[in-house]
$ cat target.cif   # mmCIF, C-alpha atoms
data_data
#
loop_
_atom_site.label_atom_id
_atom_site.label_comp_id
_atom_site.auth_asym_id
_atom_site.auth_seq_id
_atom_site.Cartn_x
_atom_site.Cartn_y
_atom_site.Cartn_z
CA MET A 1 0.00 0.00 0.00
CA HIS A 2 1.18 3.54 -0.71
CA ARG A 3 -0.48 6.95 -0.72
CA PRO A 4 0.49 9.21 -3.64
CA SER A 5 -1.16 12.60 -3.88
CA ALA A 6 -3.65 13.28 -6.65
CA GLU A 7 -6.24 16.06 -6.93
CA GLY A 8 -4.92 17.36 -3.61
CA SER A 9 -6.04 14.33 -1.58
CA ASP A 10 -4.65 11.02 -0.43
CA VAL A 11 -5.17 8.10 -2.75
CA ARG A 12 -4.95 4.57 -1.40
CA VAL A 13 -3.47 1.87 -3.65
CA ASP A 14 -3.71 -1.77 -2.54
CA ALA A 15 -2.45 -4.82 -4.43
CA LEU A 16 -4.98 -7.27 -5.85
CA HIS A 17 -2.67 -10.16 -6.85
CA PRO A 18 1.06 -10.82 -6.45
CA ASP A 19 1.55 -10.51 -10.23
CA PHE A 20 -0.59 -7.47 -11.04
CA GLY A 21 -3.59 -5.34 -10.19
CA ALA A 22 -4.51 -2.58 -7.74
CA ARG A 23 -7.64 -1.45 -5.91
CA ILE A 24 -7.57 2.35 -5.79
CA GLU A 25 -9.65 4.61 -3.58
CA GLY A 26 -9.65 8.38 -3.24
CA LEU A 27 -10.39 9.48 -6.83
CA ASP A 28 -13.83 10.69 -7.88
CA PHE A 29 -14.34 10.27 -11.62
CA ARG A 30 -17.49 12.39 -11.51
CA ARG A 31 -15.18 15.39 -11.23
CA ARG A 32 -13.31 16.93 -14.14
CA LEU A 33 -10.07 15.07 -14.81
CA ASP A 34 -7.09 17.41 -14.76
CA ALA A 35 -3.59 16.58 -15.96
CA ALA A 36 -2.31 15.25 -12.61
CA PRO A 37 -4.84 12.42 -12.12
CA VAL A 38 -4.57 11.46 -15.80
CA ARG A 39 -0.79 11.15 -15.42
CA ALA A 40 -1.35 9.06 -12.29
CA LEU A 41 -3.80 6.82 -14.15
CA ARG A 42 -1.36 6.21 -16.96
CA ALA A 43 1.43 5.41 -14.50
CA TRP A 44 -0.82 2.98 -12.61
CA ILE A 45 -1.84 1.29 -15.87
CA ASP A 46 1.82 0.80 -16.82
CA GLU A 47 2.70 -0.50 -13.36
CA HIS A 48 -0.33 -2.52 -12.25
CA SER A 49 -2.14 -3.35 -15.55
CA LEU A 50 -5.52 -3.81 -13.79
CA LEU A 51 -7.17 -1.00 -11.79
CA HIS A 52 -10.32 -1.35 -9.67
CA PHE A 53 -12.08 1.81 -8.50
CA PRO A 54 -15.08 0.87 -6.31
CA GLY A 55 -18.17 3.01 -5.80
CA GLN A 56 -17.86 5.27 -8.84
CA SER A 57 -21.37 4.99 -10.37
CA LEU A 58 -20.61 6.75 -13.64
CA ASP A 59 -23.06 7.39 -16.44
CA ASP A 60 -22.20 7.10 -20.15
CA ALA A 61 -21.17 10.75 -20.46
CA LEU A 62 -18.72 10.51 -17.57
CA GLN A 63 -17.37 7.19 -18.83
CA LEU A 64 -16.75 8.67 -22.26
CA GLN A 65 -15.06 11.68 -20.62
CA LEU A 66 -12.69 9.30 -18.82
CA THR A 67 -12.11 7.34 -22.04
CA ARG A 68 -11.18 10.49 -23.97
CA ALA A 69 -8.86 11.59 -21.15
CA LEU A 70 -6.81 8.43 -21.72
CA GLY A 71 -6.74 8.61 -25.52
CA GLU A 72 -8.78 8.11 -28.66
CA PRO A 73 -12.00 6.14 -28.06
CA GLU A 74 -12.18 2.96 -30.11
CA ALA A 75 -15.32 2.36 -32.16
CA ASN A 76 -17.35 -0.69 -31.16
CA HIS A 77 -16.40 -3.20 -33.85
CA VAL A 78 -19.73 -5.05 -33.77
CA THR A 79 -21.83 -1.94 -34.40
CA LEU A 80 -19.35 -0.65 -36.97
CA GLY A 81 -19.07 -3.95 -38.82
CA GLN A 82 -22.79 -4.69 -38.87
CA THR A 83 -24.21 -1.21 -39.51
CA GLY A 84 -21.32 1.11 -40.40
CA ARG A 85 -22.26 3.35 -37.47
CA VAL A 86 -19.62 4.59 -35.01
CA ASP A 87 -20.56 3.93 -31.38
CA TYR A 88 -18.02 3.88 -28.57
CA PHE A 89 -20.04 1.76 -26.12
CA GLY A 90 -20.73 -1.92 -25.79
CA THR A 91 -23.15 -3.46 -23.29
CA ILE A 92 -21.89 -6.58 -21.53
CA GLY A 93 -24.79 -8.61 -20.21
CA ASN A 94 -28.37 -9.48 -21.06
CA VAL A 95 -30.21 -6.24 -20.17
CA GLN A 96 -31.16 -4.38 -23.34
CA ALA A 97 -31.42 -0.62 -23.86
CA ASP A 98 -35.18 -0.71 -23.20
CA GLY A 99 -34.72 -2.65 -19.96
CA THR A 100 -35.88 -6.01 -21.29
CA VAL A 101 -33.78 -9.14 -20.79
CA ALA A 102 -32.34 -11.42 -23.47
CA GLY A 103 -32.47 -14.98 -22.13
CA ALA A 104 -29.89 -17.73 -22.38
CA ARG A 105 -31.16 -18.93 -25.77
CA ASP A 106 -31.25 -15.46 -27.32
CA ARG A 107 -28.72 -15.04 -30.13
CA ARG A 108 -27.35 -11.87 -28.50
CA THR A 109 -26.64 -13.74 -25.28
CA ILE A 110 -25.08 -16.69 -27.10
CA PHE A 111 -22.85 -14.28 -29.03
CA GLN A 112 -21.47 -12.92 -25.76
CA THR A 113 -20.42 -16.39 -24.58
CA GLY A 114 -17.39 -15.86 -26.80
CA ASN A 115 -16.17 -13.59 -24.00
CA GLU A 116 -15.77 -16.68 -21.82
CA MET A 117 -12.59 -17.59 -23.71
CA TRP A 118 -9.31 -16.03 -22.60
CA HIS A 119 -8.66 -13.04 -24.84
CA SER A 120 -7.28 -9.53 -25.21
CA ASP A 121 -9.82 -7.00 -26.46
CA SER A 122 -9.36 -6.02 -30.10
CA SER A 123 -6.16 -7.99 -30.66
CA PHE A 124 -7.82 -8.75 -34.03
CA ARG A 125 -7.48 -5.11 -35.11
CA ALA A 126 -4.40 -3.75 -36.88
CA VAL A 127 -4.16 -1.18 -34.09
CA PRO A 128 -5.36 -3.10 -31.02
CA SER A 129 -6.78 -1.62 -27.84
CA PHE A 130 -4.72 0.15 -25.21
CA VAL A 131 -7.20 -0.25 -22.33
CA SER A 132 -10.77 -1.31 -21.72
CA ILE A 133 -12.96 0.60 -19.26
CA MET A 134 -15.94 -1.13 -17.67
CA VAL A 135 -18.64 0.29 -15.41
CA ALA A 136 -21.04 -2.09 -13.62
CA TYR A 137 -24.73 -1.20 -13.22
CA GLU A 138 -26.53 -4.49 -12.55
CA VAL A 139 -24.75 -7.71 -11.61
CA PRO A 140 -25.99 -11.23 -10.85
CA ALA A 141 -25.93 -12.44 -7.27
CA GLU A 142 -23.84 -15.43 -8.33
CA ARG A 143 -21.07 -16.03 -10.87
CA ALA A 144 -20.64 -13.55 -13.76
CA GLU A 145 -17.14 -12.70 -12.54
CA THR A 146 -14.33 -11.56 -14.82
CA GLN A 147 -10.98 -13.30 -14.52
CA PHE A 148 -7.62 -11.76 -15.42
CA VAL A 149 -4.05 -13.00 -15.90
CA SER A 150 -0.82 -11.18 -16.68
CA CYS A 151 1.13 -12.29 -19.74
CA ARG A 152 3.91 -9.97 -18.55
CA ALA A 153 4.36 -12.13 -15.47
CA ALA A 154 4.00 -15.25 -17.64
CA TYR A 155 6.73 -14.05 -20.00
CA ALA A 156 9.04 -13.37 -17.04
CA ARG A 157 8.55 -16.97 -15.88
CA LEU A 158 9.89 -18.36 -19.18
CA THR A 159 13.50 -19.43 -19.40
CA ALA A 160 15.94 -17.18 -21.24
CA ALA A 161 16.04 -19.68 -24.11
CA GLU A 162 12.24 -19.77 -24.35
CA ARG A 163 12.05 -15.98 -24.42
CA ALA A 164 14.71 -15.78 -27.14
CA ALA A 165 12.82 -18.34 -29.23
CA ILE A 166 9.50 -16.47 -29.24
CA ASP A 167 10.76 -12.86 -29.28
CA PRO A 168 10.99 -12.55 -33.10
CA LEU A 169 7.74 -14.37 -33.97
CA VAL A 170 4.66 -12.84 -35.62
CA CYS A 171 1.18 -14.17 -34.86
CA ILE A 172 -1.98 -13.99 -36.96
CA HIS A 173 -5.03 -12.80 -35.01
CA ASP A 174 -8.43 -13.51 -36.53
CA TYR A 175 -11.81 -12.54 -35.05
CA VAL A 176 -13.78 -14.86 -37.33
CA TYR A 177 -11.55 -17.79 -36.28
CA SER A 178 -12.21 -16.97 -32.64
CA ARG A 179 -15.96 -16.50 -32.87
CA SER A 180 -16.40 -19.60 -35.04
CA LYS A 181 -15.85 -21.54 -31.80
CA VAL A 182 -19.16 -20.12 -30.56
CA GLY A 183 -21.05 -20.82 -33.78
CA ALA A 184 -20.39 -20.77 -37.50
CA ASP A 185 -23.09 -18.15 -38.10
CA MET A 186 -22.23 -15.81 -35.21
CA VAL A 187 -20.45 -13.21 -37.38
CA THR A 188 -22.35 -11.48 -40.19
CA SER A 189 -20.72 -11.20 -43.60
CA SER A 190 -20.29 -7.42 -43.29
CA HIS A 191 -18.81 -7.77 -39.81
CA ALA A 192 -16.37 -10.44 -41.01
CA ALA A 193 -15.36 -8.32 -44.01
CA SER A 194 -14.57 -5.40 -41.69
CA LEU A 195 -12.15 -7.51 -39.64
CA PRO A 196 -9.71 -9.41 -41.87
CA PRO A 197 -6.90 -11.36 -40.14
CA VAL A 198 -4.05 -9.15 -38.90
CA ARG A 199 -0.39 -9.64 -38.00
CA GLN A 200 0.72 -8.95 -34.43
CA ARG A 201 4.02 -9.33 -32.65
CA LEU A 202 3.95 -12.36 -30.39
CA VAL A 203 6.06 -10.46 -27.86
CA ARG A 204 5.27 -6.84 -26.96
CA GLU A 205 7.20 -4.34 -24.88
CA ASN A 206 5.71 -1.60 -22.70
CA PRO A 207 7.29 1.65 -23.98
CA ALA A 208 7.27 3.26 -20.51
CA ASN A 209 9.00 0.55 -18.46
CA ARG A 210 10.42 -1.77 -21.18
CA ARG A 211 8.75 -4.81 -19.59
CA ARG A 212 7.80 -7.51 -22.08
CA ASN A 213 4.87 -9.87 -22.40
CA TYR A 214 3.58 -12.38 -24.88
CA TYR A 215 0.37 -11.56 -26.74
CA VAL A 216 -1.95 -14.54 -27.12
CA GLY A 217 -5.59 -15.49 -26.44
CA SER A 218 -8.59 -16.81 -28.34
CA HIS A 219 -8.08 -14.49 -31.33
CA ALA A 220 -4.49 -15.70 -31.85
CA LYS A 221 -4.86 -18.24 -34.66
CA CYS A 222 -1.37 -19.24 -35.81
CA ILE A 223 2.29 -18.27 -36.06
CA GLU A 224 3.27 -16.70 -39.37
CA GLY A 225 5.29 -19.19 -41.44
CA TRP A 226 4.42 -22.18 -39.25
CA ASP A 227 1.95 -24.97 -39.94
CA MET A 228 -1.25 -25.04 -37.91
CA ALA A 229 -0.30 -27.97 -35.67
CA ALA A 230 2.99 -26.41 -34.58
CA SER A 231 1.33 -23.01 -34.18
CA ARG A 232 -1.40 -24.37 -31.95
CA ALA A 233 1.07 -26.37 -29.87
CA LEU A 234 3.04 -23.20 -29.04
CA LEU A 235 0.07 -20.85 -28.57
CA ASP A 236 -1.88 -23.34 -26.47
CA ASP A 237 1.16 -23.99 -24.28
CA LEU A 238 1.78 -20.28 -23.70
CA LEU A 239 -1.88 -19.74 -22.86
CA ALA A 240 -1.95 -22.70 -20.47
CA ARG A 241 1.12 -21.46 -18.63
CA ALA A 242 -0.33 -17.96 -18.21
CA THR A 243 -3.72 -19.15 -16.97
CA ARG A 244 -2.78 -21.65 -14.29
CA PRO A 245 -5.11 -21.16 -11.29
CA GLU A 246 -2.48 -19.58 -9.07
CA HIS A 247 -1.91 -16.82 -11.65
CA VAL A 248 -5.61 -15.85 -11.99
CA HIS A 249 -7.25 -12.87 -10.32
CA THR A 250 -11.06 -13.10 -10.19
CA HIS A 251 -13.00 -9.85 -10.01
CA ARG A 252 -16.42 -10.18 -8.37
CA TRP A 253 -18.42 -7.25 -9.67
CA GLN A 254 -20.46 -4.88 -7.54
CA PRO A 255 -22.73 -2.10 -8.85
CA GLY A 256 -20.71 1.09 -9.16
CA ASP A 257 -17.43 -0.68 -9.91
CA LEU A 258 -15.12 0.96 -12.43
CA VAL A 259 -12.41 -1.33 -13.77
CA ILE A 260 -9.68 -0.40 -16.26
CA TRP A 261 -7.39 -3.04 -17.73
CA ASP A 262 -4.38 -2.98 -20.02
CA ASN A 263 -5.07 -5.04 -23.12
CA ARG A 264 -1.43 -4.86 -24.14
CA CYS A 265 -0.39 -7.36 -21.48
CA LEU A 266 -3.48 -8.85 -19.78
CA LEU A 267 -5.86 -11.60 -20.81
CA HIS A 268 -9.37 -11.82 -19.39
CA ARG A 269 -12.52 -13.92 -19.63
CA GLY A 270 -16.03 -14.00 -18.21
CA THR A 271 -17.11 -16.95 -16.08
CA GLY A 272 -20.68 -17.13 -17.42
CA TYR A 273 -24.01 -16.89 -15.61
CA ASP A 274 -27.64 -18.01 -15.93
CA ALA A 275 -29.14 -15.37 -18.20
CA ASP A 276 -32.64 -16.79 -17.66
CA ARG A 277 -32.46 -16.10 -13.91
CA HIS A 278 -30.25 -13.03 -13.55
CA ARG A 279 -29.91 -9.52 -14.93
CA ARG A 280 -26.50 -8.21 -15.92
CA ARG A 281 -25.69 -4.78 -17.36
CA MET A 282 -22.22 -3.34 -17.69
CA ARG A 283 -21.01 -0.70 -20.10
CA GLN A 284 -17.63 -0.92 -21.78
CA THR A 285 -15.52 1.54 -23.73
CA ARG A 286 -12.01 1.07 -25.09
CA VAL A 287 -9.09 3.37 -25.80
CA ALA A 288 -7.30 2.71 -29.09
CA GLY A 289 -3.65 1.75 -29.02
CA ALA A 290 -0.78 3.98 -30.09
CA GLY A 291 -0.11 2.04 -33.29
CA SER A 292 0.73 -1.33 -34.76
CA THR A 293 2.51 -3.92 -32.65
CA LEU A 294 4.69 -4.53 -35.69
CA ASP A 295 6.10 -1.03 -35.16
CA GLY A 296 6.69 -1.62 -31.47
CA ALA A 297 3.54 0.09 -30.17
#
$ encode --input "target.cif" --output "structure tokens"
Amino acid sequence: MHRPSAEGSDVRVDALHPDFGARIEGLDFRRRLDAAPVRALRAWIDEHSLLHFPGQSLDDALQLQLTRALGEPEANHVTLGQTGRVDYFGTIGNVQADGTVAGARDRRTIFQTGNEMWHSDSSFRAVPSFVSIMVAYEVPAERAETQFVSCRAAYARLTAAERAAIDPLVCIHDYVYSRSKVGADMVTSSHAASLPPVRQRLVRENPANRRRNYYVGSHAKCIEGWDMAASRALLDDLLARATRPEHVHTHRWQPGDLVIWDNRCLLHRGTGYDADRHRRRMRQTRVAGAGSTLDGA
């Protein structure tokens, strides 16, 4: 625990997991964000990767204000791919805009089960996400947690020889490949056309602290220049090492939670819930990355 000063008040920072993560109290995101707290946020993202701010209760306007403070908002790829319309928000859960509930057999709910695979948001875009920002409104009384692991910590656990072997590799990330595991018809033709496979560095480096991580997850299809069997053997092994139970932090959502996570180095997944019995509504925005991983961003 330490107490840096931000906005003229004490801010409490407590560790969530030995590898990563911090619970932070003392900031009020309903207030205007000046330069000092934004600098603190960026430093915490680089250091801790996962930030939990309890009791924030933001609305969409305040969430978008926070998103813009951290960078360029990323357009929701589903809305953009299906309709061509730019919208910066996605709703995670089964509660619709009119308050009705989509049950477990609703196509919209089934589509979201893809989030139960370990992944990094927007790794399937040429410029992938910097961070995701989630605000919780309604949460089930049981399950529906989000789990996180650090691929920075996982990379550090590799031997020097293993790190040297994967450092130069390029991986193909493919949204259609990933979502085909949920159902062959889950991605519309226009959505698929908007997200062709992209090349990403298998190993990324944080530009602020030079710490490296490997970049895998459900969207990572294969290694460039390798056959599929060898690609899957490596990618599945790296994923399995990162997601061993002792490396996982499970976030149990409460209404009013604000959580920010670094997509450059973390993987996450939802644990699922009974959408016929429970209501869940969370709003997510994302901040676009600084550039292509191929250029070191």
$ atom_distance --input "target.cif" --atom1 "CA of Gln63 in chain A" --atom2 "CA of Thr285 in chain A"
7.7 Å
$ resolve_selection --input "target.cif" --expression "the PyMOL selection byres ((chain A and resi 209) around 12)" --output "list of chain:residue names"
A:Arg42, A:Ala43, A:Trp44, A:Ile45, A:Asp46, A:Glu47, A:His48, A:Arg152, A:Arg204, A:Glu205, A:Asn206, A:Pro207, A:Ala208, A:Arg210, A:Arg211, A:Arg212, A:Asn213
$ resolve_selection --input "target.cif" --expression "the PyMOL selection byres ((chain A and resi 105-120) around 9)" --output "PyMOL selection string"
chain A and resi 92-94+102-104+121-124+128-129+146-148+178-179+181-183+186-187+215-220+239+243+262-272+275-276
$ resolve_selection --input "target.cif" --expression "the PyMOL selection byres ((chain A and resi 40) around 12)" --output "NGL selection string"
:A and (3-7 or 11 or 13 or 24 or 27 or 33-39 or 41-48 or 51 or 69-70)
$ closest_residue --input "target.cif" --among "A:Arg241, A:Lys221, A:His77, A:His247" --to "Gln200 in chain A" --atoms "all atoms listed in the file"
A:Lys221
$ residues_around --input "target.cif" --residues "Pro54 in chain A" --least-positions-apart "2" --cutoff "8 Å" --atoms "only C-alpha atoms" --output "JSON, numbers by chain"
{"A": [23, 24, 25, 52, 56, 254, 256, 257, 258]}
$ decode --input "target.cif" --residues "range 70-134 of chain A" --atoms "C-alpha atoms" --output "PDB file, in the first residue's frame"
ATOM      1  CA  LEU A  70      -6.808   8.425 -21.718  1.00  0.00           C
ATOM      2  CA  GLY A  71      -6.736   8.613 -25.521  1.00  0.00           C
ATOM      3  CA  GLU A  72      -8.784   8.106 -28.663  1.00  0.00           C
ATOM      4  CA  PRO A  73     -12.001   6.137 -28.061  1.00  0.00           C
ATOM      5  CA  GLU A  74     -12.184   2.959 -30.105  1.00  0.00           C
ATOM      6  CA  ALA A  75     -15.323   2.363 -32.162  1.00  0.00           C
ATOM      7  CA  ASN A  76     -17.347  -0.688 -31.160  1.00  0.00           C
ATOM      8  CA  HIS A  77     -16.404  -3.204 -33.852  1.00  0.00           C
ATOM      9  CA  VAL A  78     -19.732  -5.051 -33.769  1.00  0.00           C
ATOM     10  CA  THR A  79     -21.832  -1.940 -34.400  1.00  0.00           C
ATOM     11  CA  LEU A  80     -19.346  -0.649 -36.972  1.00  0.00           C
ATOM     12  CA  GLY A  81     -19.071  -3.952 -38.816  1.00  0.00           C
ATOM     13  CA  GLN A  82     -22.786  -4.686 -38.872  1.00  0.00           C
ATOM     14  CA  THR A  83     -24.209  -1.210 -39.515  1.00  0.00           C
ATOM     15  CA  GLY A  84     -21.317   1.113 -40.402  1.00  0.00           C
ATOM     16  CA  ARG A  85     -22.255   3.354 -37.473  1.00  0.00           C
ATOM     17  CA  VAL A  86     -19.617   4.591 -35.009  1.00  0.00           C
ATOM     18  CA  ASP A  87     -20.563   3.935 -31.381  1.00  0.00           C
ATOM     19  CA  TYR A  88     -18.024   3.884 -28.573  1.00  0.00           C
ATOM     20  CA  PHE A  89     -20.038   1.755 -26.122  1.00  0.00           C
ATOM     21  CA  GLY A  90     -20.732  -1.924 -25.789  1.00  0.00           C
ATOM     22  CA  THR A  91     -23.149  -3.463 -23.295  1.00  0.00           C
ATOM     23  CA  ILE A  92     -21.892  -6.581 -21.535  1.00  0.00           C
ATOM     24  CA  GLY A  93     -24.786  -8.612 -20.207  1.00  0.00           C
ATOM     25  CA  ASN A  94     -28.369  -9.475 -21.063  1.00  0.00           C
ATOM     26  CA  VAL A  95     -30.207  -6.243 -20.175  1.00  0.00           C
ATOM     27  CA  GLN A  96     -31.156  -4.383 -23.338  1.00  0.00           C
ATOM     28  CA  ALA A  97     -31.417  -0.618 -23.860  1.00  0.00           C
ATOM     29  CA  ASP A  98     -35.178  -0.709 -23.202  1.00  0.00           C
ATOM     30  CA  GLY A  99     -34.719  -2.647 -19.957  1.00  0.00           C
ATOM     31  CA  THR A 100     -35.877  -6.008 -21.295  1.00  0.00           C
ATOM     32  CA  VAL A 101     -33.779  -9.140 -20.788  1.00  0.00           C
ATOM     33  CA  ALA A 102     -32.335 -11.417 -23.468  1.00  0.00           C
ATOM     34  CA  GLY A 103     -32.474 -14.978 -22.129  1.00  0.00           C
ATOM     35  CA  ALA A 104     -29.889 -17.728 -22.380  1.00  0.00           C
ATOM     36  CA  ARG A 105     -31.163 -18.928 -25.773  1.00  0.00           C
ATOM     37  CA  ASP A 106     -31.253 -15.456 -27.321  1.00  0.00           C
ATOM     38  CA  ARG A 107     -28.721 -15.044 -30.129  1.00  0.00           C
ATOM     39  CA  ARG A 108     -27.346 -11.873 -28.500  1.00  0.00           C
ATOM     40  CA  THR A 109     -26.638 -13.743 -25.285  1.00  0.00           C
ATOM     41  CA  ILE A 110     -25.077 -16.694 -27.097  1.00  0.00           C
ATOM     42  CA  PHE A 111     -22.845 -14.285 -29.033  1.00  0.00           C
ATOM     43  CA  GLN A 112     -21.467 -12.923 -25.757  1.00  0.00           C
ATOM     44  CA  THR A 113     -20.419 -16.394 -24.579  1.00  0.00           C
ATOM     45  CA  GLY A 114     -17.386 -15.865 -26.800  1.00  0.00           C
ATOM     46  CA  ASN A 115     -16.171 -13.589 -24.002  1.00  0.00           C
ATOM     47  CA  GLU A 116     -15.768 -16.684 -21.816  1.00  0.00           C
ATOM     48  CA  MET A 117     -12.592 -17.593 -23.714  1.00  0.00           C
ATOM     49  CA  TRP A 118      -9.307 -16.028 -22.600  1.00  0.00           C
ATOM     50  CA  HIS A 119      -8.665 -13.038 -24.840  1.00  0.00           C
ATOM     51  CA  SER A 120      -7.282  -9.528 -25.213  1.00  0.00           C
ATOM     52  CA  ASP A 121      -9.825  -7.005 -26.460  1.00  0.00           C
ATOM     53  CA  SER A 122      -9.361  -6.017 -30.102  1.00  0.00           C
ATOM     54  CA  SER A 123      -6.158  -7.993 -30.660  1.00  0.00           C
ATOM     55  CA  PHE A 124      -7.815  -8.746 -34.026  1.00  0.00           C
ATOM     56  CA  ARG A 125      -7.477  -5.106 -35.114  1.00  0.00           C
ATOM     57  CA  ALA A 126      -4.397  -3.751 -36.883  1.00  0.00           C
ATOM     58  CA  VAL A 127      -4.160  -1.180 -34.086  1.00  0.00           C
ATOM     59  CA  PRO A 128      -5.356  -3.098 -31.022  1.00  0.00           C
ATOM     60  CA  SER A 129      -6.780  -1.622 -27.840  1.00  0.00           C
ATOM     61  CA  PHE A 130      -4.720   0.148 -25.206  1.00  0.00           C
ATOM     62  CA  VAL A 131      -7.198  -0.254 -22.331  1.00  0.00           C
ATOM     63  CA  SER A 132     -10.773  -1.310 -21.720  1.00  0.00           C
ATOM     64  CA  ILE A 133     -12.956   0.605 -19.264  1.00  0.00           C
ATOM     65  CA  MET A 134     -15.940  -1.135 -17.666  1.00  0.00           C
TER      66      MET A 134
END
